[in-house]
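Peer 1: What follows is data18.txt, made up of compact mmCIF, C-alpha atoms:
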```txt
# COMPACT_ATOMS: atom_id res chain seq x y z
CA MET A 1 -24.87 -27.59 0.73
CA SER A 2 -22.32 -25.26 2.22
CA ILE A 3 -22.78 -23.38 5.48
CA ASP A 4 -22.91 -20.12 3.63
CA ASP A 5 -25.40 -21.03 0.93
CA GLY A 6 -27.53 -18.03 0.15
CA LEU A 7 -25.12 -15.60 1.74
CA VAL A 8 -23.55 -12.65 -0.04
CA VAL A 9 -19.81 -13.09 0.46
CA ALA A 10 -17.15 -10.60 -0.66
CA THR A 11 -13.58 -11.77 -1.18
CA ILE A 12 -10.48 -9.67 -1.69
CA THR A 13 -6.78 -9.76 -0.87
CA THR A 14 -5.21 -6.93 1.11
CA SER A 15 -1.69 -6.02 2.16
CA LEU A 16 -0.88 -5.58 5.85
CA ASP A 17 -1.05 -1.83 5.35
CA GLY A 18 -4.53 -2.01 3.86
CA PHE A 19 -3.96 -1.78 0.11
CA VAL A 20 -5.66 -3.98 -2.49
CA ALA A 21 -3.58 -2.59 -5.37
CA GLY A 22 -0.23 -0.86 -5.56
CA PRO A 23 0.43 2.61 -6.95
CA ASN A 24 0.40 3.47 -10.67
CA GLN A 25 -2.18 1.03 -11.99
CA SER A 26 -2.02 0.70 -15.77
CA LEU A 27 -3.04 -1.58 -18.59
CA GLU A 28 0.25 -3.47 -18.28
CA ASP A 29 0.07 -3.41 -14.50
CA PRO A 30 -3.62 -3.60 -13.60
CA LEU A 31 -2.87 -4.20 -9.92
CA GLY A 32 -0.27 -1.43 -9.76
CA GLU A 33 3.36 -1.73 -8.72
CA ARG A 34 3.96 -4.93 -6.75
CA GLY A 35 0.22 -5.61 -6.71
CA GLU A 36 0.81 -9.10 -8.10
CA GLU A 37 2.60 -9.98 -4.86
CA LEU A 38 -0.76 -9.82 -3.11
CA HIS A 39 -1.91 -12.93 -4.95
CA GLU A 40 1.05 -15.21 -4.38
CA TRP A 41 -1.24 -17.34 -2.21
CA LEU A 42 -3.19 -18.13 -5.40
CA PHE A 43 -0.43 -18.32 -7.96
CA SER A 44 2.81 -19.12 -6.15
CA ALA A 45 4.50 -22.25 -7.40
CA THR A 46 5.85 -23.05 -3.97
CA GLU A 47 3.04 -22.42 -1.50
CA PRO A 48 -0.35 -21.96 -3.13
CA ALA A 49 -3.50 -22.50 -1.13
CA SER A 50 -5.14 -25.90 -1.59
CA ALA A 51 -7.95 -26.24 -4.10
CA ASP A 52 -10.34 -26.78 -1.18
CA VAL A 53 -9.33 -23.54 0.50
CA THR A 54 -9.38 -21.65 -2.77
CA GLY A 55 -12.87 -22.98 -3.43
CA GLU A 56 -14.05 -22.02 0.06
CA ILE A 57 -12.72 -18.51 -0.42
CA LEU A 58 -13.54 -17.77 -4.04
CA GLY A 59 -16.44 -20.09 -4.84
CA GLY A 60 -19.88 -18.80 -5.74
CA ALA A 61 -23.01 -20.05 -7.47
CA ALA A 62 -23.19 -16.58 -8.97
CA VAL A 63 -20.59 -13.82 -9.01
CA ILE A 64 -20.80 -10.01 -9.00
CA GLN A 65 -17.82 -7.90 -9.93
CA GLY A 66 -16.95 -4.31 -10.66
CA ARG A 67 -16.11 -3.10 -14.14
CA ASN A 68 -12.38 -2.86 -13.41
CA MET A 69 -12.31 -6.53 -12.48
CA PHE A 70 -13.52 -7.33 -15.98
CA GLY A 71 -11.41 -4.94 -18.00
CA PRO A 72 -9.63 -1.61 -18.30
CA ILE A 73 -12.10 -0.12 -20.78
CA ARG A 74 -13.85 3.14 -19.86
CA GLY A 75 -16.99 4.49 -21.51
CA GLU A 76 -18.86 2.60 -24.22
CA TRP A 77 -17.71 -0.90 -25.15
CA PRO A 78 -15.68 -0.32 -28.32
CA ASP A 79 -16.38 -3.78 -29.79
CA ASP A 80 -16.81 -7.38 -28.68
CA ALA A 81 -13.11 -8.18 -28.65
CA TRP A 82 -12.47 -7.68 -24.92
CA LYS A 83 -13.59 -10.74 -22.98
CA GLY A 84 -12.11 -10.04 -19.55
CA TRP A 85 -8.72 -10.35 -17.85
CA TRP A 86 -9.30 -14.01 -17.20
CA GLY A 87 -8.58 -15.89 -20.43
CA ASP A 88 -10.88 -18.23 -22.34
CA ASP A 89 -11.70 -20.34 -19.28
CA PRO A 90 -12.19 -17.87 -16.40
CA PRO A 91 -11.87 -19.15 -12.82
CA TYR A 92 -15.51 -18.41 -11.96
CA HIS A 93 -17.37 -21.35 -13.60
CA ALA A 94 -20.61 -19.54 -12.90
CA PRO A 95 -22.62 -16.58 -14.15
CA VAL A 96 -20.74 -13.34 -13.52
CA PHE A 97 -22.62 -10.05 -13.29
CA VAL A 98 -20.36 -7.15 -14.24
CA LEU A 99 -21.34 -3.69 -12.97
CA THR A 100 -21.16 -1.14 -15.79
CA HIS A 101 -22.88 1.96 -17.05
CA HIS A 102 -22.82 0.63 -20.62
CA PRO A 103 -25.08 -2.20 -21.84
CA ARG A 104 -23.58 -5.14 -23.68
CA GLU A 105 -24.80 -8.57 -24.72
CA PRO A 106 -23.71 -11.49 -22.50
CA VAL A 107 -20.36 -13.12 -23.31
CA GLU A 108 -20.21 -16.88 -22.92
CA MET A 109 -16.81 -18.31 -22.07
CA LEU A 110 -15.49 -21.83 -21.54
CA GLY A 111 -15.97 -23.74 -18.30
CA GLY A 112 -19.41 -22.44 -17.38
CA THR A 113 -18.58 -18.77 -17.03
CA THR A 114 -20.89 -16.28 -18.73
CA PHE A 115 -20.36 -12.55 -18.27
CA HIS A 116 -23.57 -10.54 -17.98
CA PHE A 117 -23.51 -6.76 -17.96
CA VAL A 118 -25.70 -4.98 -15.43
CA THR A 119 -26.37 -1.25 -15.66
CA GLY A 120 -28.73 -0.89 -12.69
CA GLY A 121 -26.18 -0.85 -9.88
CA ILE A 122 -25.47 -3.26 -7.05
CA GLU A 123 -29.10 -3.92 -6.07
CA ALA A 124 -29.99 -4.90 -9.64
CA ALA A 125 -26.90 -7.10 -9.89
CA LEU A 126 -27.75 -8.79 -6.60
CA GLU A 127 -31.30 -9.45 -7.73
CA ARG A 128 -30.08 -11.05 -10.95
CA ALA A 129 -27.43 -13.09 -9.12
CA ARG A 130 -29.99 -14.39 -6.62
CA ALA A 131 -32.28 -15.39 -9.47
CA VAL A 132 -29.67 -17.77 -10.90
CA ALA A 133 -27.77 -18.83 -7.75
CA GLY A 134 -30.30 -21.50 -6.79
CA GLY A 135 -29.86 -20.68 -3.12
CA GLY A 136 -26.06 -20.96 -3.35
CA ARG A 137 -23.45 -18.44 -2.31
CA ILE A 138 -23.30 -15.14 -4.13
CA SER A 139 -19.69 -14.04 -4.42
CA VAL A 140 -18.79 -10.35 -4.62
CA ALA A 141 -15.42 -10.70 -6.31
CA GLY A 142 -14.13 -7.15 -6.00
CA GLY A 143 -12.83 -4.72 -6.67
CA ALA A 144 -12.51 -2.53 -3.62
CA SER A 145 -15.10 0.04 -4.64
CA THR A 146 -17.71 -2.64 -5.33
CA ILE A 147 -17.06 -4.20 -1.92
CA ARG A 148 -17.32 -0.79 -0.25
CA GLN A 149 -20.67 -0.24 -1.95
CA PHE A 150 -22.02 -3.59 -0.71
CA LEU A 151 -20.66 -2.97 2.80
CA THR A 152 -22.11 0.49 3.22
CA ALA A 153 -25.45 -0.51 1.64
CA GLY A 154 -25.84 -3.29 4.20
CA LEU A 155 -26.00 -5.95 1.49
CA LEU A 156 -23.01 -8.02 2.61
CA ASP A 157 -23.29 -11.04 4.92
CA ARG A 158 -19.62 -11.98 4.99
CA LEU A 159 -16.25 -10.57 4.04
CA ILE A 160 -13.31 -12.90 3.47
CA LEU A 161 -10.06 -10.97 3.70
CA SER A 162 -6.95 -12.68 2.43
CA ILE A 163 -4.17 -10.86 4.26
CA ALA A 164 -0.89 -11.03 2.37
CA PRO A 165 2.21 -10.58 4.57
CA ILE A 166 3.51 -7.59 2.63
CA THR A 167 3.21 -3.83 2.62
CA LEU A 168 2.62 -1.78 -0.53
CA GLY A 169 3.02 1.70 0.98
CA ALA A 170 0.64 3.34 -1.48
CA GLY A 171 -2.13 2.46 -3.91
CA GLU A 172 -5.81 1.72 -3.53
CA ARG A 173 -7.10 1.43 0.03
CA LEU A 174 -9.71 -1.24 0.61
CA PHE A 175 -11.55 0.69 3.31
CA ASP A 176 -11.08 4.19 1.93
CA GLY A 177 -13.81 6.26 3.57
CA VAL A 178 -15.48 3.25 5.19
CA GLU A 179 -15.71 3.22 8.99
CA LEU A 180 -15.92 -0.19 10.64
CA GLY A 181 -16.68 -0.40 14.36
CA GLY A 182 -17.19 2.70 16.46
CA GLU A 183 -20.46 4.46 15.71
CA SER A 184 -20.53 3.32 12.09
CA GLY A 185 -23.04 0.61 12.77
CA ILE A 186 -20.95 -1.86 10.77
CA ARG A 187 -19.44 -4.60 12.93
CA LEU A 188 -17.11 -7.26 11.62
CA THR A 189 -16.69 -10.41 13.70
CA PRO A 190 -13.99 -12.90 12.73
CA VAL A 191 -15.61 -16.34 12.64
CA GLN A 192 -13.13 -18.56 10.78
CA VAL A 193 -9.53 -18.52 9.56
CA PHE A 194 -7.83 -20.45 6.75
CA GLU A 195 -4.07 -20.41 7.14
CA ASN A 196 -1.38 -20.93 4.61
CA ALA A 197 2.19 -19.77 4.36
CA ALA A 198 1.49 -17.06 1.79
CA ALA A 199 -1.57 -15.41 3.33
CA THR A 200 -4.02 -15.55 6.23
CA HIS A 201 -7.65 -15.75 5.17
CA VAL A 202 -10.07 -14.37 7.75
CA VAL A 203 -13.81 -14.88 7.37
CA TYR A 204 -15.78 -12.01 8.94
CA ASP A 205 -19.48 -11.95 9.64
CA VAL A 206 -20.83 -8.53 8.80
CA GLY A 207 -23.36 -7.29 11.34
CA ARG A 208 -25.08 -4.08 12.31
CA MET B 1 9.93 -24.28 27.94
CA SER B 2 7.98 -22.57 25.19
CA ILE B 3 8.63 -23.03 21.49
CA ASP B 4 9.80 -19.47 21.20
CA ASP B 5 12.20 -19.34 24.12
CA GLY B 6 15.09 -17.11 23.26
CA LEU B 7 13.27 -15.45 20.39
CA VAL B 8 12.68 -11.73 20.08
CA VAL B 9 8.92 -11.36 19.60
CA ALA B 10 7.13 -8.09 18.95
CA THR B 11 3.42 -7.76 19.72
CA ILE B 12 1.04 -5.02 18.72
CA THR B 13 -2.61 -4.56 17.79
CA THR B 14 -3.54 -3.02 14.45
CA SER B 15 -6.76 -1.96 12.78
CA LEU B 16 -7.73 -3.45 9.42
CA ASP B 17 -6.54 -0.26 7.76
CA GLY B 18 -3.12 -0.49 9.38
CA PHE B 19 -3.28 1.92 12.30
CA VAL B 20 -2.03 1.19 15.81
CA ALA B 21 -3.41 4.43 17.26
CA GLY B 22 -6.15 6.78 16.17
CA PRO B 23 -5.76 10.48 15.33
CA ASN B 24 -5.20 13.22 17.93
CA GLN B 25 -3.25 11.34 20.59
CA SER B 26 -3.16 13.23 23.88
CA LEU B 27 -2.52 12.75 27.58
CA GLU B 28 -6.21 11.96 28.11
CA ASP B 29 -6.37 9.85 24.96
CA PRO B 30 -2.93 8.21 24.61
CA LEU B 31 -4.15 5.88 21.85
CA GLY B 32 -5.93 8.67 19.97
CA GLU B 33 -9.57 8.81 18.98
CA ARG B 34 -11.17 5.35 19.07
CA GLY B 35 -7.75 3.82 19.73
CA GLU B 36 -9.13 2.00 22.78
CA GLU B 37 -11.35 -0.04 20.44
CA LEU B 38 -8.21 -1.78 19.20
CA HIS B 39 -7.79 -3.51 22.53
CA GLU B 40 -11.29 -4.83 23.09
CA TRP B 41 -9.83 -8.31 22.67
CA LEU B 42 -7.89 -7.68 25.90
CA PHE B 43 -10.38 -5.68 27.91
CA SER B 44 -13.85 -6.45 26.60
CA ALA B 45 -16.18 -7.79 29.27
CA THR B 46 -17.98 -9.97 26.73
CA GLU B 47 -15.34 -11.58 24.57
CA PRO B 48 -11.81 -11.23 25.94
CA ALA B 49 -9.10 -13.59 24.84
CA SER B 50 -8.38 -16.44 27.24
CA ALA B 51 -5.56 -16.07 29.73
CA ASP B 52 -3.65 -18.75 27.83
CA VAL B 53 -3.89 -16.86 24.55
CA THR B 54 -3.08 -13.56 26.20
CA GLY B 55 -0.02 -15.16 27.77
CA GLU B 56 1.07 -16.64 24.44
CA ILE B 57 0.75 -13.27 22.78
CA LEU B 58 2.04 -10.89 25.44
CA GLY B 59 4.29 -13.01 27.62
CA GLY B 60 8.00 -12.42 27.93
CA ALA B 61 10.84 -13.27 30.31
CA ALA B 62 12.05 -9.73 29.62
CA VAL B 63 10.29 -6.86 27.92
CA ILE B 64 11.49 -3.94 25.80
CA GLN B 65 9.25 -0.96 25.16
CA GLY B 66 9.41 2.49 23.68
CA ARG B 67 9.25 5.60 25.81
CA ASN B 68 5.66 6.38 24.77
CA MET B 69 4.54 2.99 26.04
CA PHE B 70 5.80 3.99 29.49
CA GLY B 71 4.58 7.54 29.65
CA PRO B 72 3.76 10.82 27.91
CA ILE B 73 6.76 12.69 29.32
CA ARG B 74 9.21 14.28 26.91
CA GLY B 75 12.73 15.42 27.75
CA GLU B 76 14.26 14.97 31.20
CA TRP B 77 12.31 13.02 33.82
CA PRO B 78 10.78 15.82 35.94
CA ASP B 79 10.68 13.70 39.14
CA ASP B 80 10.06 10.14 40.27
CA ALA B 81 6.28 10.47 40.39
CA TRP B 82 5.47 8.96 36.99
CA LYS B 83 5.56 5.19 37.15
CA GLY B 84 4.03 4.23 33.83
CA TRP B 85 0.55 3.96 32.34
CA TRP B 86 0.08 0.54 33.88
CA GLY B 87 -0.81 1.05 37.56
CA ASP B 88 0.94 -0.35 40.62
CA ASP B 89 0.91 -3.93 39.31
CA PRO B 90 1.77 -3.70 35.60
CA PRO B 91 0.81 -6.62 33.34
CA TYR B 92 4.43 -7.50 32.51
CA HIS B 93 5.57 -9.39 35.63
CA ALA B 94 9.12 -9.20 34.29
CA PRO B 95 11.95 -6.71 33.87
CA VAL B 96 10.93 -4.01 31.39
CA PHE B 97 13.58 -2.05 29.51
CA VAL B 98 12.26 1.37 28.50
CA LEU B 99 14.00 3.12 25.60
CA THR B 100 14.73 6.72 26.47
CA HIS B 101 17.33 9.43 25.94
CA HIS B 102 17.23 10.37 29.62
CA PRO B 103 18.74 8.24 32.38
CA ARG B 104 16.69 7.34 35.42
CA GLU B 105 17.02 4.91 38.32
CA PRO B 106 15.04 1.66 38.01
CA VAL B 107 11.46 1.71 39.31
CA GLU B 108 10.28 -1.43 41.08
CA MET B 109 6.56 -2.13 40.88
CA LEU B 110 4.33 -4.84 42.32
CA GLY B 111 4.02 -8.28 40.74
CA GLY B 112 7.59 -8.67 39.56
CA THR B 113 7.72 -5.76 37.14
CA THR B 114 10.74 -3.47 37.33
CA PHE B 115 11.18 -0.64 34.83
CA HIS B 116 14.76 -0.09 33.73
CA PHE B 117 15.70 2.91 31.60
CA VAL B 118 18.07 2.32 28.69
CA THR B 119 19.72 5.20 26.86
CA GLY B 120 21.84 3.19 24.40
CA GLY B 121 19.15 2.34 21.84
CA ILE B 122 17.60 -0.95 20.81
CA GLU B 123 20.83 -2.97 20.65
CA ALA B 124 21.72 -1.99 24.22
CA ALA B 125 18.20 -2.76 25.40
CA LEU B 126 18.29 -6.15 23.69
CA GLU B 127 21.62 -6.99 25.29
CA ARG B 128 20.30 -6.12 28.75
CA ALA B 129 17.07 -8.04 28.15
CA ARG B 130 18.97 -11.14 27.02
CA ALA B 131 21.14 -10.96 30.10
CA VAL B 132 18.13 -11.33 32.40
CA ALA B 133 15.75 -13.41 30.25
CA GLY B 134 17.40 -16.70 31.15
CA GLY B 135 16.89 -17.99 27.62
CA GLY B 136 13.20 -17.10 27.65
CA ARG B 137 11.23 -15.00 25.18
CA ILE B 138 12.12 -11.34 24.84
CA SER B 139 8.97 -9.35 24.17
CA VAL B 140 9.09 -6.11 22.20
CA ALA B 141 5.90 -4.56 23.53
CA GLY B 142 5.57 -1.58 21.19
CA GLY B 143 5.02 1.06 20.28
CA ALA B 144 5.04 1.14 16.52
CA SER B 145 8.30 3.05 16.12
CA THR B 146 10.14 0.64 18.40
CA ILE B 147 8.83 -2.33 16.41
CA ARG B 148 9.83 -0.64 13.15
CA GLN B 149 13.35 -0.14 14.51
CA PHE B 150 13.66 -3.81 15.47
CA LEU B 151 12.22 -4.92 12.11
CA THR B 152 14.50 -2.82 9.96
CA ALA B 153 17.57 -3.60 12.08
CA GLY B 154 17.00 -7.34 11.55
CA LEU B 155 16.67 -7.96 15.28
CA LEU B 156 13.16 -9.41 15.27
CA ASP B 157 12.43 -13.16 15.07
CA ARG B 158 8.64 -12.96 15.24
CA LEU B 159 5.87 -10.44 14.96
CA ILE B 160 2.48 -11.17 16.49
CA LEU B 161 -0.16 -8.91 14.96
CA SER B 162 -3.48 -8.75 16.68
CA ILE B 163 -5.83 -7.59 13.95
CA ALA B 164 -8.88 -5.81 15.34
CA PRO B 165 -11.91 -5.87 13.01
CA ILE B 166 -12.22 -2.09 12.85
CA THR B 167 -10.93 0.79 10.78
CA LEU B 168 -9.55 4.01 12.29
CA GLY B 169 -9.14 6.01 9.07
CA ALA B 170 -6.22 8.05 10.38
CA GLY B 171 -3.59 7.99 13.11
CA GLU B 172 -0.27 6.22 13.52
CA ARG B 173 0.58 3.66 10.83
CA LEU B 174 2.35 0.55 12.07
CA PHE B 175 4.39 0.08 8.90
CA ASP B 176 4.99 3.73 8.07
CA GLY B 177 8.02 3.73 5.77
CA VAL B 178 8.71 0.01 6.24
CA GLU B 179 8.59 -2.18 3.15
CA LEU B 180 7.75 -5.85 3.69
CA GLY B 181 8.12 -8.28 0.81
CA GLY B 182 9.28 -7.13 -2.62
CA GLU B 183 12.94 -6.20 -2.69
CA SER B 184 13.01 -5.09 0.93
CA GLY B 185 14.65 -8.28 2.07
CA ILE B 186 12.14 -8.56 4.93
CA ARG B 187 9.79 -11.53 4.55
CA LEU B 188 6.96 -12.28 6.92
CA THR B 189 5.54 -15.80 6.93
CA PRO B 190 2.38 -16.51 8.89
CA VAL B 191 3.03 -19.60 11.02
CA GLN B 192 0.21 -19.65 13.59
CA VAL B 193 -3.13 -18.00 14.28
CA PHE B 194 -5.05 -17.50 17.53
CA GLU B 195 -8.68 -16.69 16.89
CA ASN B 196 -11.19 -14.99 19.06
CA ALA B 197 -14.32 -13.00 18.31
CA ALA B 198 -12.72 -9.62 18.99
CA ALA B 199 -9.46 -9.98 17.04
CA THR B 200 -7.38 -12.34 14.92
CA HIS B 201 -3.86 -12.88 16.20
CA VAL B 202 -1.37 -13.85 13.50
CA VAL B 203 2.11 -15.04 14.41
CA TYR B 204 4.63 -14.17 11.68
CA ASP B 205 8.14 -15.50 11.37
CA VAL B 206 10.43 -12.70 10.27
CA GLY B 207 12.97 -13.80 7.68
CA ARG B 208 15.39 -12.25 5.24
```
Could you render the structure as structure tokens?

Peer 2:
Amino acid sequence: MSIDDGLVVATITTSLDGFVAGPNQSLEDPLGERGEELHEWLFSATEPASADVTGEILGGAAVIQGRNMFGPIRGEWPDDAWKGWWGDDPPYHAPVFVLTHHPREPVEMLGGTTFHFVTGGIEAALERARAVAGGGRISVAGGASTIRQFLTAGLLDRLILSIAPITLGAGERLFDGVELGGESGIRLTPVQVFENAAATHVVYDVGR
Amino acid sequence: MSIDDGLVVATITTSLDGFVAGPNQSLEDPLGERGEELHEWLFSATEPASADVTGEILGGAAVIQGRNMFGPIRGEWPDDAWKGWWGDDPPYHAPVFVLTHHPREPVEMLGGTTFHFVTGGIEAALERARAVAGGGRISVAGGASTIRQFLTAGLLDRLILSIAPITLGAGERLFDGVELGGESGIRLTPVQVFENAAATHVVYDVGR
């Protein structure tokens, strides 16, 4: 049992100037220019986060993610060839519910990850994730627009922001159009921090 | 002796979307709309930071600040009436070197704060601050443009960012035009965190 079993927890990495992807995203550069630098805390050879910290941040008994986190394809699925950005053994090791407007049969990968495709929006995805999570954490694994939808719908219990010590200057803003604090009714309260040399990971409780 | 004696340490509070002041700054609203919310960690009646943490973050044997941090006046000093935003007993308790283009005699306040006016730019201010700091920390107490000048000139040893859990959506960007990471040659490394419920305070070493 973890302290956040049953909670809906979003995780994403942001630059110090509030971007979760750099400018000019493309198939070759899905995170935009310099966007890969955001994730040095995960992939750096010299100072990656420990497996424990990575598990605390990214772990989930079930995962929900936006379409862009699964692939670059727009419109109907052209065939069954695309199986995600994540290789044959994706890092989720759990059922992953991909938000899409286009139905597709589930795709079973190695290591316990199965991609399911949900066309009913975030509420439907959350219902399906809860049904298989066995009371464990439900991870909302980006991207930014999916996290904004969960935040503004009041469906998020926690947000874990990994703050990379860089600026990107332009790109996709995590909180584009989302007011936090003030009269928005959405209050974040920092409750825990994981530190490492490549990023600062702040756990926020989301309240109203 | 503190571990950062002799270091040049900038401190500022930012929103999660990278703003250090809200939109529409004015004489009545020097931090812009909702800008005061940034500083709830200092002034909140319910969850202020402890005096120890506040001292660690804001303390300095000598202080350097931009003109806007001292007052709203532009051009020549009209008279001696304006003595800063900070009341008769400013929170600095140390010599404060105010960057300005317009000379003025020093202004001695209660509690050990004296405002000195420096017209030679950041290098001149730093030289004067070092001369009186007795080997102690030199605090660069904002605003954003002053911190950007120190960062890009390579004169900053540490940056302490107090990250308030709010968004402002518009206003003054802390890192406007400043690239961190990438090929900029400026590398921030988080080395320490002070947590409280109203903000997360991250101490960055500034390297090249």

Peer 1: Give me the residues within 10 Å of Trp82 (chain B) as a list of chain:residue names, counting all atoms listed in the file and dropping any in the same chain fewer than 4 places off.

Peer 2: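 Contacts, with the query itself left out: B:Phe70, B:Gly71, B:Pro72, B:Ile73, B:Trp77, B:Pro78, B:Val107.
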
Peer 1: Rounded to one decimal in Å, what is the spacing between CA of Leu180 (chain A) and CA of Arg148 (chain A)?

Peer 2: 11.0 Å

Peer 1: Give me the residues of chain A that have any atom at most 8 Å from an atom of chain B; for each, the nearest atom pair and the distance in Å, rounded to one decimal. Use all atoms listed in the file, sort by chain and number, and format it as JSON lines.

Peer 2:
```
{"residue": "A:Leu16", "atom": "CA", "partner": "B:Gly18", "partner_atom": "CA", "distance": 6.6}
{"residue": "A:Asp17", "atom": "CA", "partner": "B:Gly18", "partner_atom": "CA", "distance": 4.7}
{"residue": "A:Gly18", "atom": "CA", "partner": "B:Asp17", "partner_atom": "CA", "distance": 4.7}
{"residue": "A:Arg34", "atom": "CA", "partner": "B:Gly182", "partner_atom": "CA", "distance": 7.1}
{"residue": "A:Glu37", "atom": "CA", "partner": "B:Gly182", "partner_atom": "CA", "distance": 7.6}
{"residue": "A:Pro165", "atom": "CA", "partner": "B:Leu188", "partner_atom": "CA", "distance": 5.6}
{"residue": "A:Ile166", "atom": "CA", "partner": "B:Leu180", "partner_atom": "CA", "distance": 4.7}
{"residue": "A:Thr167", "atom": "CA", "partner": "B:Leu180", "partner_atom": "CA", "distance": 5.1}
{"residue": "A:Leu168", "atom": "CA", "partner": "B:Glu179", "partner_atom": "CA", "distance": 7.0}
{"residue": "A:Gly169", "atom": "CA", "partner": "B:Glu179", "partner_atom": "CA", "distance": 7.1}
{"residue": "A:Arg173", "atom": "CA", "partner": "B:Asp17", "partner_atom": "CA", "distance": 7.9}
{"residue": "A:Leu174", "atom": "CA", "partner": "B:Asp17", "partner_atom": "CA", "distance": 7.9}
{"residue": "A:Phe175", "atom": "CA", "partner": "B:Asp17", "partner_atom": "CA", "distance": 6.8}
{"residue": "A:Asp176", "atom": "CA", "partner": "B:Gly169", "partner_atom": "CA", "distance": 7.6}
{"residue": "A:Gly177", "atom": "CA", "partner": "B:Gly169", "partner_atom": "CA", "distance": 7.2}
{"residue": "A:Val178", "atom": "CA", "partner": "B:Thr167", "partner_atom": "CA", "distance": 7.6}
{"residue": "A:Glu179", "atom": "CA", "partner": "B:Thr167", "partner_atom": "CA", "distance": 5.7}
{"residue": "A:Leu180", "atom": "CA", "partner": "B:Ile166", "partner_atom": "CA", "distance": 4.7}
{"residue": "A:Gly181", "atom": "CA", "partner": "B:Ile166", "partner_atom": "CA", "distance": 5.0}
{"residue": "A:Gly182", "atom": "CA", "partner": "B:Arg34", "partner_atom": "CA", "distance": 7.1}
{"residue": "A:Arg187", "atom": "CA", "partner": "B:Pro165", "partner_atom": "CA", "distance": 7.6}
{"residue": "A:Leu188", "atom": "CA", "partner": "B:Pro165", "partner_atom": "CA", "distance": 5.6}
{"residue": "A:Thr189", "atom": "CA", "partner": "B:Ala197", "partner_atom": "CA", "distance": 5.8}
{"residue": "A:Pro190", "atom": "CA", "partner": "B:Ala197", "partner_atom": "CA", "distance": 5.6}
{"residue": "A:Val191", "atom": "CA", "partner": "B:Ala197", "partner_atom": "CA", "distance": 6.7}
{"residue": "A:Gln192", "atom": "CA", "partner": "B:Glu195", "partner_atom": "CA", "distance": 7.8}
{"residue": "A:Val193", "atom": "CA", "partner": "B:Glu195", "partner_atom": "CA", "distance": 7.6}
{"residue": "A:Glu195", "atom": "CA", "partner": "B:Val193", "partner_atom": "CA", "distance": 7.6}
{"residue": "A:Asn196", "atom": "CA", "partner": "B:Pro190", "partner_atom": "CA", "distance": 7.2}
{"residue": "A:Ala197", "atom": "CA", "partner": "B:Pro190", "partner_atom": "CA", "distance": 5.6}
{"residue": "A:Ala198", "atom": "CA", "partner": "B:Thr189", "partner_atom": "CA", "distance": 6.7}
{"residue": "A:Ala199", "atom": "CA", "partner": "B:Pro190", "partner_atom": "CA", "distance": 6.9}
{"residue": "A:Thr200", "atom": "CA", "partner": "B:Pro190", "partner_atom": "CA", "distance": 7.0}
{"residue": "A:Val202", "atom": "CA", "partner": "B:Thr200", "partner_atom": "CA", "distance": 7.9}
```

Peer 1: To one decimal place in Å, what is the distance between CA of Ala170 (chain A) and CA of Glu33 (chain A)?

Peer 2: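 Between these atoms lies a distance of 9.2 Å.
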
Peer 1: Measure the distance from CA of Asp89 (chain A) to CA of Pro103 (chain A) in Å and round it to one decimal.

Peer 2: 22.7 Å

Peer 1: Place a sphere of radius 8 Å on (5.3, -4.9, 41.1) in the file coordinates and name every protein, DNA or RNA residue with an atom inside or on its surface, counting only C-alpha atoms; give the answer as JSON, numbers by chain.

Peer 2: {"B": [88, 89, 90, 93, 108, 109, 110, 111, 112, 113, 114]}
